[in-house]
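Below: one structure, written as C-alpha cells.
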Amino acid sequence: MHGFANPARFLRIARWLMPLCMAAGIAVAAGALGWGLFEAPAEKLQGETVRIVYLHVPAAWLGMAGWMGIAAASFSELVWRHPLAGIAARACAVPGALFTAVCLITGSLWGRPAWGTWWVWDGRLTSMLVLLFLYFGWMALSQASAASDGGQNKAPAIFGLVGAVNIPIIHYSVTWWNSLHQPPSITMGTSAMSADFLMPLLAAMLGFTLIFAGVVLARMRAILADQQAEARLRRKALSEAVFQ
Amino acid sequence: MAIKAKHQRLVLLVIALVVLMGAGLLAAWALRNQASYFYVPSEIVASPPAPDRAVRLGGMVEKGSIKTAPDGVTIAFVVQDGKARVPVTFKGIVPSLFVEGSGVVAEGKMQADGTFVADNLLAKHDENYVPREMQNMTADQAKQVVADTQ
C-alpha cells in the first residue's frame with residue numbers, strides 16, 4: 001500500500017487499471033443480468049419477482065463495501081497519514097451511497113409483491129436506511145472539512161471509523177432480532193440458494209464490484225487532477241503577485 | 001527507545017476501535033428485545049398483551065390450518081413457533097406468498113379468548129431459493145411417465 005504513497009506511481013497504474021475494471025465489469029455485469037433475467041428459472045414461491053435479487057444483492061454488498069472502503073482509508077489516514085487515503089475515502093462515498101440507494105429502492109419494489117408492503121421499520125431495513133444517511137452526512141462533513149482544515153481529513157476520517165459500527169449491525173440485524181427480512185441465504189461455505197440462482201448472482205456481484213472499483217479509480221484520478229490544477233493556479237497567482 | 005509517532009497512533013486507534021465496537025455491540029445487546037419486529041407465539045402465550053394494544057405476531061403458518069369462512073374473505077389459521085400455537089383470524093386479501101408451512105407476520109390485537117385478530121398480514125419468506133421447474137419436476141415427470149405407459 002505504501003508503494004502508492006507516491007501519487008505519480010498510483011496514477012501510472014490507475015491509468016490502465018481503471019478502463020480495464022470498467023470494461024470487464026460492464027461485460028460481466030451485463031452478462032450476469034442477462035443470465036439472471038432471461039435464463040435463470042423462476043422461484044417456487046416468488047415466481048418471476050425473484051429476478052430482482054440480481055440487482056438488489058450486489059447493490060447491498062457494494063453499499064456496505066463502500067463504507068468499509070471509507071473506514072479502511074480513514075484508518076490509514078489517521079495512523080500512517082497516507083497521502084491518498086483521504087482521496088480514496090472521498091472516491092468511495094458517492095458510488096457507495098448510490099448503491100445503497102439502489103438497494104433500498106429495489107428492496108422496496110421487491111417487498112411489495114413478496115411481503116405485501118413497500119416498507120417496514122424492521123432491523124435490516126432501518127439499519128440500511130441509516131447507512132444511506134451516514135453517507136450523506138459523511139459527504140457533507142468531508143466537503144466542509146476540505147474547505148476549512150486544508151485537506152487534513154481528520155474529522156471525516158473519525159466519522160468514517162465510527163460509522164463502521166453500523167456495518168456489523170446491518171449484517172447481523174436479521175440474526176439478532178426478529179425481522180421481516182429473511183436471514184442471509186449465502187453464508188461461509190454454504191448456500192440455501194439453488195445453484196440456478198447462485199451462479200448468476202455471484203457473477204452479477206463480481207461484475208458490479210469491478211464497475212465499483214473502476215468508478216473509485218476514476219474518481220481518485222479526477223480528485224488528484226483537481227488538486228494539481230488548483231495547486232498550479234495557486235502557484236501562478238502567487239508568482240504573478242510577487243512580480244507585480 | 002523512543003516510540004515512533006505512527007506506532008503510538010496505531011495503538012491508540014486500535015484501542016479506540018475496540019472500545020467503539022464494544023459499545024456498539026453492548027447497545028445492540030440492550031436493544032435485543034426492543035428492536036424485534038414481532039413477537040413469536042411462545043412470547044404471546046407466556047405474557048399476553050393487553051386486548052387494546054396493537055402488536056405484531058410472527059411465526060409459521062401451521063400446515064393444514066388455513067380455513068376460509070363461508071363469506072369467502074375471512075380466513076382463520078394457526079401461527080406456531082414449535083413451542084406454542086396462536087389461532088388467528090383475518091379478513092381481507094392475503095399476500096401471494098402467504099401459504100401453509102411458510103412464515104407470516106400478522107398485525108393486530110390479541111382478544112381475551114386467546115385468538116389474534118389481524119388487520120394486516122405480511123408474508124415472510126425464508127432464505128431458501130428453489131427453482132419453480134425443479135419443484136414441478138416430479139409431478140410433471142410423473143404425469144409424463146403415466147402418459148407414456150398408457
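Within each chain, counting starts at residue 1; across the C-alpha cells, chains are named A, B, ... in the order shown, with ligands numbered 1 upward in that order.
By only C-alpha atoms, and with residues fewer than 2 positions from stretch 23-26 of chain A along its chain excluded, the set lying at most 9 Å from it is A:Met18, A:Pro19, A:Leu20, A:Cys21, A:Val28, A:Ala29, A:Ala30, A:Gly31, A:Leu206, A:Gly207, A:Phe208, A:Thr209, A:Leu210, A:Ile211, A:Phe212, A:Ala213, A:Gly214.
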Generate a file of the selected residues that holds N, CA and C atoms, formatted as a PDB file, in the first residue's frame.
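Result file result_33.pdb:
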```pdb
ATOM      1  N   MET A  18      -8.062   1.437 -14.506  1.00  0.00           N
ATOM      2  CA  MET A  18      -9.427   1.954 -14.455  1.00  0.00           C
ATOM      3  C   MET A  18     -10.246   1.482 -15.662  1.00  0.00           C
ATOM      4  N   PRO A  19      -9.782   1.729 -16.920  1.00  0.00           N
ATOM      5  CA  PRO A  19     -10.589   1.241 -18.053  1.00  0.00           C
ATOM      6  C   PRO A  19     -10.718  -0.275 -18.084  1.00  0.00           C
ATOM      7  N   LEU A  20      -9.698  -0.969 -17.587  1.00  0.00           N
ATOM      8  CA  LEU A  20      -9.768  -2.435 -17.556  1.00  0.00           C
ATOM      9  C   LEU A  20     -10.901  -2.896 -16.638  1.00  0.00           C
ATOM     10  N   CYS A  21     -10.944  -2.327 -15.407  1.00  0.00           N
ATOM     11  CA  CYS A  21     -12.009  -2.671 -14.455  1.00  0.00           C
ATOM     12  C   CYS A  21     -13.377  -2.339 -15.042  1.00  0.00           C
ATOM     13  N   VAL A  28     -19.112  -8.287 -17.588  1.00  0.00           N
ATOM     14  CA  VAL A  28     -19.543  -9.347 -16.666  1.00  0.00           C
ATOM     15  C   VAL A  28     -20.932  -9.042 -16.106  1.00  0.00           C
ATOM     16  N   ALA A  29     -21.168  -7.772 -15.699  1.00  0.00           N
ATOM     17  CA  ALA A  29     -22.463  -7.418 -15.108  1.00  0.00           C
ATOM     18  C   ALA A  29     -23.574  -7.566 -16.139  1.00  0.00           C
ATOM     19  N   ALA A  30     -23.326  -7.132 -17.389  1.00  0.00           N
ATOM     20  CA  ALA A  30     -24.351  -7.250 -18.427  1.00  0.00           C
ATOM     21  C   ALA A  30     -24.656  -8.729 -18.692  1.00  0.00           C
ATOM     22  N   GLY A  31     -23.596  -9.543 -18.770  1.00  0.00           N
ATOM     23  CA  GLY A  31     -23.799 -10.978 -18.988  1.00  0.00           C
ATOM     24  C   GLY A  31     -24.582 -11.599 -17.841  1.00  0.00           C
ATOM     25  N   LEU A 206     -19.679  -9.988  -8.900  1.00  0.00           N
ATOM     26  CA  LEU A 206     -18.328  -9.757  -9.417  1.00  0.00           C
ATOM     27  C   LEU A 206     -18.330  -8.586 -10.400  1.00  0.00           C
ATOM     28  N   GLY A 207     -19.290  -8.595 -11.322  1.00  0.00           N
ATOM     29  CA  GLY A 207     -19.350  -7.551 -12.344  1.00  0.00           C
ATOM     30  C   GLY A 207     -19.531  -6.167 -11.740  1.00  0.00           C
ATOM     31  N   PHE A 208     -20.525  -6.033 -10.820  1.00  0.00           N
ATOM     32  CA  PHE A 208     -20.775  -4.720 -10.219  1.00  0.00           C
ATOM     33  C   PHE A 208     -19.605  -4.288  -9.340  1.00  0.00           C
ATOM     34  N   THR A 209     -18.916  -5.263  -8.712  1.00  0.00           N
ATOM     35  CA  THR A 209     -17.757  -4.902  -7.894  1.00  0.00           C
ATOM     36  C   THR A 209     -16.648  -4.332  -8.776  1.00  0.00           C
ATOM     37  N   LEU A 210     -16.446  -4.916  -9.962  1.00  0.00           N
ATOM     38  CA  LEU A 210     -15.434  -4.387 -10.881  1.00  0.00           C
ATOM     39  C   LEU A 210     -15.816  -2.972 -11.334  1.00  0.00           C
ATOM     40  N   ILE A 211     -17.116  -2.764 -11.621  1.00  0.00           N
ATOM     41  CA  ILE A 211     -17.565  -1.421 -12.012  1.00  0.00           C
ATOM     42  C   ILE A 211     -17.306  -0.442 -10.869  1.00  0.00           C
ATOM     43  N   PHE A 212     -17.603  -0.876  -9.644  1.00  0.00           N
ATOM     44  CA  PHE A 212     -17.387  -0.039  -8.455  1.00  0.00           C
ATOM     45  C   PHE A 212     -15.908   0.350  -8.364  1.00  0.00           C
ATOM     46  N   ALA A 213     -15.014  -0.659  -8.532  1.00  0.00           N
ATOM     47  CA  ALA A 213     -13.573  -0.383  -8.464  1.00  0.00           C
ATOM     48  C   ALA A 213     -13.173   0.610  -9.557  1.00  0.00           C
ATOM     49  N   GLY A 214     -13.720   0.429 -10.761  1.00  0.00           N
ATOM     50  CA  GLY A 214     -13.412   1.347 -11.855  1.00  0.00           C
ATOM     51  C   GLY A 214     -13.852   2.769 -11.543  1.00  0.00           C
TER      52      GLY A 214
END
```
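Omitting A:Leu161 and its sequence neighbours fewer than 3 positions away, and counting only C-alpha atoms, the residues within 7 Å are Ala71, Ser74, Ala157, Ile158 and Ala164 of chain A.
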Enumerate as a ChimeraX atom specification the residues belonging to chain A that approach chain B to within 8 Å, with only C-alpha atoms taken into account.
/A:41-47,75,78-80,113-117,121-123,161-162,165,169,176-185,192-194,196-197
Assign secondary structure with DSSP using the backbone only, and return the residues of stretch 53-128 of chain B in strand (DSSP E or B) as a short mmCIF file (atom, residue, chain, number, x, y, z; two decimals) with C-alpha atoms, in the first residue's frame.
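Writing the result to selection18.cif gives the following:
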```cif
data_model
loop_
_atom_site.label_atom_id
_atom_site.label_comp_id
_atom_site.auth_asym_id
_atom_site.auth_seq_id
_atom_site.Cartn_x
_atom_site.Cartn_y
_atom_site.Cartn_z
CA ALA B 54 -51.70 -3.35 18.64
CA VAL B 55 -48.90 -5.89 18.32
CA ARG B 56 -47.26 -7.96 15.62
CA LEU B 57 -47.25 -11.75 15.79
CA GLY B 58 -44.77 -13.66 13.65
CA GLY B 59 -44.25 -17.36 13.06
CA MET B 60 -45.01 -20.25 10.77
CA VAL B 61 -48.48 -20.92 9.36
CA LYS B 67 -59.77 -22.33 6.80
CA THR B 68 -61.87 -19.95 4.74
CA THR B 74 -62.43 -14.16 6.26
CA ILE B 75 -59.77 -16.74 6.99
CA ALA B 76 -58.67 -18.49 10.15
CA PHE B 77 -55.30 -20.14 10.63
CA VAL B 78 -52.80 -21.06 13.33
CA VAL B 79 -49.38 -19.42 13.81
CA GLN B 80 -46.84 -21.59 15.63
CA ARG B 85 -49.75 -22.06 18.83
CA VAL B 86 -51.91 -18.97 18.41
CA PRO B 87 -55.16 -19.02 16.39
CA VAL B 88 -55.50 -16.02 14.06
CA THR B 89 -58.41 -14.60 12.08
CA PHE B 90 -58.06 -12.14 9.22
CA LYS B 91 -60.48 -10.52 6.80
CA GLY B 103 -43.60 -17.55 7.58
CA VAL B 104 -46.13 -14.79 8.31
CA VAL B 105 -46.25 -11.56 10.31
CA ALA B 106 -49.76 -10.60 11.47
CA GLU B 107 -50.51 -7.07 12.72
CA GLY B 108 -53.47 -6.82 15.04
CA LYS B 109 -54.78 -7.31 18.55
CA MET B 110 -54.99 -10.23 20.93
CA PHE B 116 -55.48 -12.96 17.49
CA VAL B 117 -57.50 -10.70 15.19
CA ALA B 118 -55.22 -9.42 12.42
CA ASP B 119 -55.95 -6.30 10.37
CA ASN B 120 -52.89 -6.77 8.14
CA LEU B 121 -50.85 -9.76 7.01
CA LEU B 122 -47.26 -9.68 5.78
CA ALA B 123 -45.66 -12.75 4.23
CA LYS B 124 -42.18 -13.58 5.45
#
```
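Taking atom CA of B:Ala84 as the reference point, atom CA of B:Ser65 is found at 14.4 Å.
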Mind the document's chain letters and residue numbers, and return as a PyMOL selection string the residues of stretch 26-244 of chain A that DSSP labels alpha helix (DSSP H).
chain A and resi 26-34+53-80+85-115+123-148+154-163+166-176+195-243
Can you pull out every residue within 7 Å of A:Cys92, counting only C-alpha atoms, but drop anything in the same chain fewer than 6 positions away, and send it as an mmCIF file with C-alpha atoms, in the first residue's frame?
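See around03.cif below for the written result:
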```cif
data_model
loop_
_atom_site.group_PDB
_atom_site.id
_atom_site.type_symbol
_atom_site.label_atom_id
_atom_site.label_comp_id
_atom_site.auth_asym_id
_atom_site.auth_seq_id
_atom_site.Cartn_x
_atom_site.Cartn_y
_atom_site.Cartn_z
ATOM 1 C CA GLY A 66 -18.239 1.384 0.066
ATOM 2 C CA GLY A 69 -13.589 1.255 1.975
ATOM 3 C CA ILE A 70 -14.154 4.612 3.697
ATOM 4 C CA VAL A 216 -13.433 4.637 -7.473
#
```
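Of the residues under consideration (A:Arg219, A:His56, A:Arg124, A:Arg9), A:Arg124 shows the shortest atom-to-atom contact distance to A:Tyr172 when counting only C-alpha atoms.
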